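Okay, upload18.pdb now, which holds PDB, C-alpha atoms:
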ATOM      1  CA  MET F 249       5.446  23.009   4.657
ATOM      2  CA  PRO F 250       2.375  21.629   6.414
ATOM      3  CA  SER F 251       2.085  18.168   4.857
ATOM      4  CA  LEU F 252       3.461  15.485   2.585
ATOM      5  CA  GLY F 253       1.021  15.166  -0.318
ATOM      6  CA  ALA F 254       1.964  11.845  -1.917
ATOM      7  CA  VAL F 255       4.523   9.045  -1.981
ATOM      8  CA  THR F 256       5.321   7.298  -5.259
ATOM      9  CA  PHE F 257       4.613   3.565  -5.230
ATOM     10  CA  LEU F 258       5.895   1.622  -8.244
ATOM     11  CA  VAL F 259       3.425  -0.851  -9.779
ATOM     12  CA  ARG F 260       3.358  -3.278 -12.731
ATOM     13  CA  GLU F 261      -0.104  -2.295 -13.913
ATOM     14  CA  TYR F 262      -2.501   0.370 -12.729
ATOM     15  CA  ASP F 263      -5.679  -1.695 -12.551
ATOM     16  CA  GLU F 264      -4.214  -4.637 -10.594
ATOM     17  CA  ALA F 265      -2.747  -2.180  -8.085
ATOM     18  CA  ILE F 266      -6.025  -0.287  -7.740
ATOM     19  CA  ARG F 267      -7.879  -3.571  -7.082
ATOM     20  CA  PHE F 268      -5.380  -4.543  -4.379
ATOM     21  CA  PHE F 269      -5.462  -1.234  -2.555
ATOM     22  CA  VAL F 270      -9.235  -0.731  -2.826
ATOM     23  CA  ASP F 271     -10.432  -4.315  -2.297
ATOM     24  CA  ALA F 272      -7.780  -5.898  -0.067
ATOM     25  CA  LEU F 273      -6.668  -2.882   1.964
ATOM     26  CA  GLY F 274      -9.950  -0.960   1.912
ATOM     27  CA  PHE F 275      -8.399   2.193   0.458
ATOM     28  CA  GLU F 276     -10.296   4.796  -1.518
ATOM     29  CA  LEU F 277      -9.443   5.575  -5.130
ATOM     30  CA  VAL F 278      -8.856   9.326  -4.849
ATOM     31  CA  GLU F 279      -7.968  10.079  -8.455
ATOM     32  CA  ASP F 280      -7.482   8.260 -11.746
ATOM     33  CA  THR F 281      -6.707  10.726 -14.515
ATOM     34  CA  PRO F 282      -5.280   9.722 -17.916
ATOM     35  CA  LEU F 283      -2.172  11.767 -18.775
ATOM     36  CA  SER F 284      -1.311  10.059 -22.048
ATOM     37  CA  GLU F 285      -2.005   6.815 -23.875
ATOM     38  CA  ALA F 286       0.297   4.943 -21.441
ATOM     39  CA  LYS F 287       0.381   7.079 -18.292
ATOM     40  CA  ARG F 288      -2.222   7.830 -15.614
ATOM     41  CA  TRP F 289      -2.205   9.895 -12.424
ATOM     42  CA  VAL F 290      -3.600   7.410  -9.891
ATOM     43  CA  THR F 291      -3.760   8.133  -6.177
ATOM     44  CA  VAL F 292      -5.192   6.027  -3.351
ATOM     45  CA  ALA F 293      -5.495   6.609   0.384
ATOM     46  CA  PRO F 294      -7.059   4.939   3.399
ATOM     47  CA  ARG F 295     -10.796   5.684   3.530
ATOM     48  CA  GLY F 296     -11.484   8.929   5.341
ATOM     49  CA  SER F 297      -7.823   9.918   5.362
ATOM     50  CA  HIS F 298      -6.912  13.532   4.747
ATOM     51  CA  GLY F 299      -3.188  12.856   4.822
ATOM     52  CA  THR F 300      -0.593  11.478   2.481
ATOM     53  CA  ARG F 301      -1.732   9.562  -0.593
ATOM     54  CA  LEU F 302       0.058   6.862  -2.557
ATOM     55  CA  LEU F 303       0.735   7.746  -6.175
ATOM     56  CA  LEU F 304       0.517   4.451  -8.069
ATOM     57  CA  ALA F 305       3.161   4.871 -10.748
ATOM     58  CA  ARG F 306       3.476   2.234 -13.467
ATOM     59  CA  ALA F 307       7.116   1.334 -14.016
ATOM     60  CA  ALA F 308       8.244   2.902 -17.278
ATOM     61  CA  ASN F 309      11.476   0.955 -17.886
ATOM     62  CA  ASP F 310      13.537  -2.032 -16.744
ATOM     63  CA  GLU F 311      15.331  -0.079 -14.024
ATOM     64  CA  GLN F 312      12.054   0.994 -12.428
ATOM     65  CA  SER F 313      10.568  -2.485 -12.854
ATOM     66  CA  ALA F 314      13.518  -3.947 -10.948
ATOM     67  CA  HIS F 315      12.431  -1.967  -7.870
ATOM     68  CA  ILE F 316       8.840  -3.225  -7.786
ATOM     69  CA  GLY F 317       8.514  -5.258  -4.597
ATOM     70  CA  ARG F 318      11.833  -3.947  -3.289
ATOM     71  CA  GLN F 319      10.899  -0.362  -2.503
ATOM     72  CA  GLY F 320      11.909  -0.699   1.133
ATOM     73  CA  GLY F 321      15.111  -2.609   0.415
ATOM     74  CA  GLY F 322      13.761  -5.642   2.302
ATOM     75  CA  ARG F 323      12.667  -3.665   5.374
ATOM     76  CA  VAL F 324       9.145  -2.685   6.340
ATOM     77  CA  PHE F 325       8.378   0.027   3.818
ATOM     78  CA  LEU F 326       5.110   1.589   4.978
ATOM     79  CA  PHE F 327       3.078   1.638   8.190
ATOM     80  CA  LEU F 328      -0.699   1.339   7.917
ATOM     81  CA  GLU F 329      -2.531   2.406  11.072
ATOM     82  CA  THR F 330      -5.936   0.990  12.002
ATOM     83  CA  ASP F 331      -8.464   1.378  14.785
ATOM     84  CA  ASP F 332      -9.811  -2.157  14.125
ATOM     85  CA  PHE F 333      -6.844  -4.501  13.830
ATOM     86  CA  ALA F 334      -8.851  -7.742  13.958
ATOM     87  CA  GLY F 335     -11.447  -6.591  11.425
ATOM     88  CA  ASP F 336      -8.959  -5.133   8.970
ATOM     89  CA  ALA F 337      -6.620  -8.128   9.218
ATOM     90  CA  ALA F 338      -9.564 -10.495   8.589
ATOM     91  CA  ARG F 339     -10.691  -8.540   5.494
ATOM     92  CA  MET F 340      -7.119  -8.462   4.191
ATOM     93  CA  ARG F 341      -6.664 -12.213   4.693
ATOM     94  CA  ALA F 342      -9.989 -12.855   2.945
ATOM     95  CA  HIS F 343      -8.552 -11.022  -0.073
ATOM     96  CA  GLY F 344      -5.389 -13.130  -0.055
ATOM     97  CA  VAL F 345      -3.026 -10.759   1.726
ATOM     98  CA  HIS F 346      -0.077 -12.695   3.178
ATOM     99  CA  PHE F 347       0.909 -11.920   6.758
ATOM    100  CA  ARG F 348       4.493 -12.850   7.572
ATOM    101  CA  GLU F 349       3.693 -13.279  11.256
ATOM    102  CA  GLU F 350       0.903 -13.518  13.758
ATOM    103  CA  PRO F 351      -0.150 -10.264  15.462
ATOM    104  CA  ARG F 352       2.014  -9.308  18.398
ATOM    105  CA  HIS F 353       1.420  -6.890  21.214
ATOM    106  CA  GLU F 354       4.106  -4.269  21.739
ATOM    107  CA  PRO F 355       4.167  -1.282  24.109
ATOM    108  CA  TYR F 356       3.223   0.944  21.146
ATOM    109  CA  GLY F 357       0.313  -1.243  19.971
ATOM    110  CA  THR F 358      -0.765  -4.392  18.135
ATOM    111  CA  VAL F 359       1.260  -5.028  14.990
ATOM    112  CA  ALA F 360       1.897  -7.596  12.260
ATOM    113  CA  VAL F 361       3.964  -7.486   9.082
ATOM    114  CA  PHE F 362       2.132  -8.167   5.821
ATOM    115  CA  GLU F 363       3.090  -8.102   2.155
ATOM    116  CA  ASP F 364       1.485  -6.081  -0.603
ATOM    117  CA  LEU F 365       0.782  -7.618  -3.999
ATOM    118  CA  TYR F 366       4.449  -7.230  -4.980
ATOM    119  CA  GLY F 367       6.047  -8.470  -1.752
ATOM    120  CA  ASN F 368       6.894  -5.130  -0.111
ATOM    121  CA  ALA F 369       6.703  -5.427   3.679
ATOM    122  CA  TRP F 370       4.223  -3.241   5.565
ATOM    123  CA  ASP F 371       3.235  -2.992   9.218
ATOM    124  CA  LEU F 372      -0.455  -3.112  10.065
ATOM    125  CA  ILE F 373      -0.582  -1.417  13.437
ATOM    126  CA  GLN F 374      -3.264  -0.461  15.907
ATOM    127  CA  PRO F 375      -1.612   2.106  18.188
ATOM    128  CA  ALA F 376      -1.921   1.539  21.932
TER
END
For the structure just supplied, provide its representation as structure tokens.
Amino acid sequence: MPSLGAVTFLVREYDEAIRFFVDALGFELVEDTPLSEAKRWVTVAPRGSHGTRLLLARAANDEQSAHIGRQGGGRVFLFLETDDFAGDAARMRAHGVHFREEPRHEPYGTVAVFEDLYGNAWDLIQPA
């Protein structure tokens, strides 16, 4: 198996999630296909990426809704790599993204934890 195609990411509403990923994180909307009156197949990915996509899946019941914002169980859930930490962090802040800490320099690169629109923790990291 050569690759991981997509990871499901629970959302409240499709359009608010698309706006966050496209506007605040600079992702590309890869696909938005209606499957039924209430369900869409929506995938996003970092611009220019040919790797794994996020499948934005609207929570369909109370159990799924309870996991929105808790997908990593309180830990950093996803790791977003950049080649322009300062520029990407500035764009994200301009769109209201909350960083839990100031950038720090580690042996593996520059990193800071931020929250998505639901409070899931992510690392923004520029590898060394």
* Compile the contact shell of Arg288 in chain F as a list in words: residues with an atom at most 10 Å away, counting only C-alpha atoms, same-chain residues fewer than 2 positions apart removed. =>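 Result of the neighbour search: Tyr262, Glu279, Asp280, Thr281, Pro282, Leu283, Ser284, Glu285, Ala286, Val290, Thr291, Leu303, Leu304, Ala305 and Arg306 of chain F.
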* Nearest candidate to Glu329 in chain F (options F:Gly367, F:Pro351, F:Gly296, F:Pro375; using only C-alpha atoms) ->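 For Glu329 in chain F, the nearest of the candidates is F:Pro375.
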Would you translate the PyMOL selection byres ((chain F and resi 319) around 12) into the concrete set of residues it matches in this file, as a short mmCIF file (atom, residue, chain, number, x, y, z; two decimals) with C-alpha atoms, in the coordinates of the input?
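Result written to selection-v6.cif:
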data_model
loop_
_atom_site.label_atom_id
_atom_site.label_comp_id
_atom_site.auth_asym_id
_atom_site.auth_seq_id
_atom_site.Cartn_x
_atom_site.Cartn_y
_atom_site.Cartn_z
CA VAL F 255 4.52 9.04 -1.98
CA THR F 256 5.32 7.30 -5.26
CA PHE F 257 4.61 3.56 -5.23
CA LEU F 258 5.90 1.62 -8.24
CA VAL F 259 3.42 -0.85 -9.78
CA GLN F 312 12.05 0.99 -12.43
CA SER F 313 10.57 -2.48 -12.85
CA ALA F 314 13.52 -3.95 -10.95
CA HIS F 315 12.43 -1.97 -7.87
CA ILE F 316 8.84 -3.22 -7.79
CA GLY F 317 8.51 -5.26 -4.60
CA ARG F 318 11.83 -3.95 -3.29
CA GLY F 320 11.91 -0.70 1.13
CA GLY F 321 15.11 -2.61 0.42
CA GLY F 322 13.76 -5.64 2.30
CA ARG F 323 12.67 -3.66 5.37
CA VAL F 324 9.14 -2.68 6.34
CA PHE F 325 8.38 0.03 3.82
CA LEU F 326 5.11 1.59 4.98
CA GLU F 363 3.09 -8.10 2.15
CA ASP F 364 1.48 -6.08 -0.60
CA TYR F 366 4.45 -7.23 -4.98
CA GLY F 367 6.05 -8.47 -1.75
CA ASN F 368 6.89 -5.13 -0.11
CA ALA F 369 6.70 -5.43 3.68
CA TRP F 370 4.22 -3.24 5.56
#
* Structure fact -> Computed gap from CA of Phe269 in chain F to CA of Val361 in chain F is 16.2 Å
* Asked: Using only C-alpha atoms, which residue out of F:Pro294, F:Leu273, F:Met249, F:Trp289 lies closest to His346 in chain F?
  -> F:Leu273
* Do you have the CA of Asp310 in chain F-CA of Val292 in chain F distance handy? -> 24.4 Å
* **Given only C-alpha atoms as the counted atoms, nearest of F:Leu372, F:Ala272, F:Leu302, F:Val359 to Gly344 in chain F** => F:Ala272
* To do: Using CA of Ile373 in chain F and CA of Asp263 in chain F as the two end points, give the distance in Å to one decimal.
  => 26.5 Å
Enclose the full set of atoms of range 301-319 of chain F listed in the file within a box whose edges lie along x, y and z, apply 8 Å of padding to each of the six sides, and report centre and edge lengths in Å to one decimal as JSON.
{"center_x": 6.8, "center_y": 2.2, "center_z": -9.2, "size_x": 33.1, "size_y": 30.8, "size_z": 33.3}
* To do: Taking the point (-4.7, -2.5, -3.8) as given in the file, collect each protein or nucleic acid residue that comes within 8 Å of it, counting only C-alpha atoms, and present the set as a ChimeraX atom specification.
  => /F:264-275,364-365
Picked residues, the PyMOL selection byres ((chain F and resi 348) around 6), expected as a CSV table (one decimal) with C-alpha atoms, in the coordinates of the input:
chain,number,residue,atom,x,y,z
F,347,PHE,CA,0.9,-11.9,6.8
F,349,GLU,CA,3.7,-13.3,11.3
F,361,VAL,CA,4.0,-7.5,9.1
F,362,PHE,CA,2.1,-8.2,5.8
* Got a sec to resolve the PyMOL selection byres ((chain F and resi 332-335) around 12) on this structure and send the residues as JSON, numbers by chain? -> {"F": [273, 274, 328, 329, 330, 331, 336, 337, 338, 339, 340, 341, 342, 350, 351, 352, 353, 357, 358, 359, 360, 371, 372, 373, 374, 375, 376]}
* To do: Could you check which of F:Thr300, F:Glu311, F:Glu261, F:Val345 is closest to Lys287 in chain F, using all atoms listed in the file?
  =>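 Going through F:Thr300, F:Glu311, F:Glu261, F:Val345 one by one, the smallest distance to Lys287 in chain F is for F:Glu261.
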